[in-house]
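K.L.:
What follows is a single structure, and I will ask about it in a moment.
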Amino acid sequence: MPVLPAEGQLFDIEVPVLIIGAGASGLIAALAAKDAGVDPVVLERDLVPSGSTALSSGMIPACETRIQHEKNVVDSVDIMAADIMHKSRDQADRSIVEAMCRASGPAIDWLVEKHGLELTLVEGFLYPGHSKLRMHAPVSRSGADLMAGLIKAVEACDIDIMTGAHVTDIFADEQNAVKGVRIERPDQSSEVIGCRALILACNGFGGNAEMVRRLIPDMAEALYFGHTGNQGDAISWGQDLGAATKHLGSFQGHGSVCQPHGILMSWALMMEGGVQLNAEGKRFSNEHDGYSEQARRVLQQTGAIAWNIFDDRLRNIVADFEDFRQAENHGAILKADSLSELADIIEVDEAILVETFADIARFAAGDQQDPHGRDFSKHPVLNAPFYAARVTGALFHTQGGLLVDTNARVLDLRSHPLPNLFASGGAACGVSGSEDWGYLSGNGLLSAVSFGRIAGMSAAKL
Ligand SMILES: Cc1cc2nc3c(=O)[nH]c(=O)nc-3n(C[C@H](O)[C@H](O)[C@H](O)COP(=O)(O)OP(=O)(O)OC[C@H]3O[C@@H](n4cnc5c(N)ncnc54)[C@H](O)[C@@H]3O)c2cc1C
């Protein structure tokens, strides 16, 4: 993925704004550039755009939206920014966090009202670390539907998406101004396209096993659950152009992927009263810390697995989730009418399971404190019949990336913007700090949506 000298290079065509990657970030950047009066072109390596966005649950955090307002949810940029800063243990860049939060509400209103996306507020439970109901998602809670809505909007705006267009090289002049790119087509032919501004919306390096091994070694053997086309190209090109990078060891993990079915099971189960037990029938963590850090914790258990345990009340909360329906249809969820049956299903000593449940009852009654620090007093204890799902920990996407300013311009090592390079979504450094524990639910799509829009507007302006 080299950066090549632009001198003497002729281009087949030249466009004002070129965008690499047709996930949420790239498509939203394209809509924003088009709204600003500029014709962008989106380049996507796959024949059908999907990205990690289509694999996601499509939950976009945003504050001060009209949808929140209609539901009487009182939220603000300050409250949302404080939640993100708190989860990242103040390691995130405050100015970027505030810019993202400030842009989040207007971006959702614009997507819904101007571009016809069908998004609703996710109600009924709060994701770990969020103090307000602020997740906006398609009714199905499916990223595939989010992508379908975005592609429809892009087509309605007559924006060109070139699919089967794998960007292999970037051409830049001596001042590191990007002049164009080379794309490789599925038939191995290549084309060169010139541009006045380039937006890197091609996500991080989760699909690049060598980079994961080097930068996040203890997740090298973990299941990668994101889009395999995300090979870290933005980081390679950015670094060649003199860009600064940060928090490359940071990532979003998830401690609840059904094993061996490979289906995500919503963390809402844990937030509302479910527990995770290891192969010995014991709890091993505070499930309410967050699902991201839970990936490593599950991977450290015997067999690198855990059991999600829940009951009918909790099942009803997630019954509408597309992922949950799939998990049920694929037989990933096992039912037990008693603790004794549950012990049989998860193959643990019944006496140990009885003791684990007795402990939880004592924590809930306030007779004893959970040694892992979870507050059990807020939800009813689990009641038979029980459900069990065998899960493992997975790497979802990387959170480190190119350093950008509040206009999504990529910064060099002295914090000066590069001449015409922008980054958003997983290509840019996120707001989750240096480790997996800093990821607040939705930080991924927050950057893709808020900064995708900012990148599109800034690039169009340039
Ligand atoms: C299972 C799962 C669930 C998730 N759920 C949520 C959620 O509910 N909420 C949330 O906020 N986040 C969630 N995330 C994270 C979220 O999906 C990502 O943060 C977000 O989709 C990133 O968007 P993006 O546009 O930056 O990248 P992507 O959607 O991955 O798009 C990048 C695109 O760039 C293309 N590309 C890469 N390299 C090149 C190249 N050289 N040339 C041309 N094209 C290229 C790729 O093919 C891809 O289509 C989830 C992630 C996973 C894996």
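We label chains A, B, ... in the order they appear in the structure tokens, count residues from 1 in each chain, and number ligands from 1 in the order shown.
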Looking only at strand (DSSP E or B) from DSSP on the backbone, list the matching residues of region 36-281 of chain A as number ranges by chain.

P.N.:
A: 40-43, 60-61, 120-121, 135-137, 160-162, 166-172, 178-184, 190-200, 223-224, 243, 245-246, 251-258, 264, 275-277

K.L.:
I'd like the neighbourhood of Ile193 (chain A) as number ranges by chain, where a residue qualifies if any of its atoms comes within 6 Å (using only C-alpha atoms), though same-chain residues fewer than 3 positions away should be ignored.

P.N.:
A: 11-14, 180-181

K.L.:
Which of these residues is nearest to Asp39 (chain A), using only C-alpha atoms: A:Val354, A:Asp75, A:Gly373, A:Val17?

P.N.:
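Smallest distance to Asp39 (chain A) is found for A:Val17.
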
K.L.:
Using only C-alpha atoms and all ligand atoms, determine which residues fall within 7 Å of ligand 1, then list them as a PyMOL selection string.

P.N.:
chain A and resi 20-26+43-46+49-61+165-168+201-203+225-227+229-231+233+264+396-397+424-427+441-446+448

K.L.:
Near Leu413 (chain A), counting only C-alpha atoms, which residues have an atom at most 9 Å away, once you skip same-chain residues fewer than 5 positions from it, shown as a PDB file with C-alpha atoms, in the first residue's frame?

P.N.:
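File produced: part10.pdb:
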```
ATOM      1  CA  GLY A 242       3.964  11.840   7.775  1.00  0.00           C
ATOM      2  CA  ALA A 243       0.714  11.577   9.742  1.00  0.00           C
ATOM      3  CA  ALA A 244       0.644  10.998  13.484  1.00  0.00           C
ATOM      4  CA  THR A 245      -1.122   7.943  14.892  1.00  0.00           C
TER       5      THR A 245
END
```

K.L.:
Any chance you could tabulate, as JSON lines, the residues of region 74-104 of chain A at most 12 Å from region 400-411 of chain A with each one's nearest atom pair and distance in Å to one decimal, using only C-alpha atoms, in chain and rising number order?

P.N.:
```
{"residue": "A:Ala92", "atom": "CA", "partner": "A:Gly400", "partner_atom": "CA", "distance": 10.8}
{"residue": "A:Asp93", "atom": "CA", "partner": "A:Asp405", "partner_atom": "CA", "distance": 9.9}
{"residue": "A:Arg94", "atom": "CA", "partner": "A:Thr406", "partner_atom": "CA", "distance": 10.4}
{"residue": "A:Ser95", "atom": "CA", "partner": "A:Thr406", "partner_atom": "CA", "distance": 7.1}
{"residue": "A:Ile96", "atom": "CA", "partner": "A:Thr406", "partner_atom": "CA", "distance": 5.7}
{"residue": "A:Val97", "atom": "CA", "partner": "A:Thr406", "partner_atom": "CA", "distance": 9.1}
{"residue": "A:Glu98", "atom": "CA", "partner": "A:Thr406", "partner_atom": "CA", "distance": 9.0}
{"residue": "A:Ala99", "atom": "CA", "partner": "A:Thr406", "partner_atom": "CA", "distance": 6.1}
{"residue": "A:Met100", "atom": "CA", "partner": "A:Thr406", "partner_atom": "CA", "distance": 8.2}
{"residue": "A:Cys101", "atom": "CA", "partner": "A:Thr406", "partner_atom": "CA", "distance": 11.3}
{"residue": "A:Arg102", "atom": "CA", "partner": "A:Thr406", "partner_atom": "CA", "distance": 10.8}
{"residue": "A:Ala103", "atom": "CA", "partner": "A:Thr406", "partner_atom": "CA", "distance": 10.3}
```

K.L.:
Save the residues we just selected, N, CA, C and O atoms, as a PDB file, in the first residue's frame?

P.N.:
```pdb
ATOM      1  N   ALA A  92      -9.183  10.016  26.317  1.00  0.00           N
ATOM      2  CA  ALA A  92      -9.620  10.502  24.995  1.00  0.00           C
ATOM      3  C   ALA A  92      -9.332  12.001  24.895  1.00  0.00           C
ATOM      4  O   ALA A  92      -9.253  12.692  25.907  1.00  0.00           O
ATOM      5  N   ASP A  93      -9.184  12.483  23.668  1.00  0.00           N
ATOM      6  CA  ASP A  93      -8.933  13.905  23.427  1.00  0.00           C
ATOM      7  C   ASP A  93     -10.266  14.656  23.613  1.00  0.00           C
ATOM      8  O   ASP A  93     -11.212  14.468  22.841  1.00  0.00           O
ATOM      9  N   ARG A  94     -10.320  15.502  24.645  1.00  0.00           N
ATOM     10  CA  ARG A  94     -11.584  16.149  24.993  1.00  0.00           C
ATOM     11  C   ARG A  94     -12.157  16.971  23.841  1.00  0.00           C
ATOM     12  O   ARG A  94     -13.365  16.989  23.605  1.00  0.00           O
ATOM     13  N   SER A  95     -11.286  17.649  23.090  1.00  0.00           N
ATOM     14  CA  SER A  95     -11.813  18.514  22.016  1.00  0.00           C
ATOM     15  C   SER A  95     -12.471  17.658  20.919  1.00  0.00           C
ATOM     16  O   SER A  95     -13.500  18.034  20.355  1.00  0.00           O
ATOM     17  N   ILE A  96     -11.899  16.480  20.664  1.00  0.00           N
ATOM     18  CA  ILE A  96     -12.496  15.583  19.657  1.00  0.00           C
ATOM     19  C   ILE A  96     -13.816  15.006  20.197  1.00  0.00           C
ATOM     20  O   ILE A  96     -14.821  14.926  19.486  1.00  0.00           O
ATOM     21  N   VAL A  97     -13.804  14.612  21.463  1.00  0.00           N
ATOM     22  CA  VAL A  97     -15.025  14.061  22.069  1.00  0.00           C
ATOM     23  C   VAL A  97     -16.152  15.088  21.974  1.00  0.00           C
ATOM     24  O   VAL A  97     -17.278  14.774  21.549  1.00  0.00           O
ATOM     25  N   GLU A  98     -15.845  16.329  22.345  1.00  0.00           N
ATOM     26  CA  GLU A  98     -16.891  17.357  22.322  1.00  0.00           C
ATOM     27  C   GLU A  98     -17.362  17.629  20.887  1.00  0.00           C
ATOM     28  O   GLU A  98     -18.559  17.801  20.646  1.00  0.00           O
ATOM     29  N   ALA A  99     -16.419  17.640  19.956  1.00  0.00           N
ATOM     30  CA  ALA A  99     -16.804  17.871  18.551  1.00  0.00           C
ATOM     31  C   ALA A  99     -17.719  16.749  18.057  1.00  0.00           C
ATOM     32  O   ALA A  99     -18.714  16.985  17.368  1.00  0.00           O
ATOM     33  N   MET A 100     -17.383  15.514  18.430  1.00  0.00           N
ATOM     34  CA  MET A 100     -18.217  14.372  18.008  1.00  0.00           C
ATOM     35  C   MET A 100     -19.614  14.469  18.611  1.00  0.00           C
ATOM     36  O   MET A 100     -20.614  14.250  17.925  1.00  0.00           O
ATOM     37  N   CYS A 101     -19.664  14.780  19.908  1.00  0.00           N
ATOM     38  CA  CYS A 101     -20.970  14.842  20.581  1.00  0.00           C
ATOM     39  C   CYS A 101     -21.799  15.989  20.001  1.00  0.00           C
ATOM     40  O   CYS A 101     -22.999  15.837  19.760  1.00  0.00           O
ATOM     41  N   ARG A 102     -21.148  17.130  19.782  1.00  0.00           N
ATOM     42  CA  ARG A 102     -21.857  18.301  19.241  1.00  0.00           C
ATOM     43  C   ARG A 102     -22.437  17.968  17.861  1.00  0.00           C
ATOM     44  O   ARG A 102     -23.544  18.373  17.522  1.00  0.00           O
ATOM     45  N   ALA A 103     -21.690  17.215  17.077  1.00  0.00           N
ATOM     46  CA  ALA A 103     -22.132  16.897  15.715  1.00  0.00           C
ATOM     47  C   ALA A 103     -23.150  15.759  15.681  1.00  0.00           C
ATOM     48  O   ALA A 103     -23.852  15.567  14.678  1.00  0.00           O
TER      49      ALA A 103
END
```

K.L.:
If we count only C-alpha atoms and set the cut-off at 12 Å, which residues sit around region 109-118 of chain A, ignoring sequence neighbours fewer than 4 positions away in its own chain? Please answer as number ranges by chain.

P.N.:
A: 24, 27-29, 31-32, 34-35, 58, 60, 62-69, 103-105, 136-142, 145-157, 449-450, 453
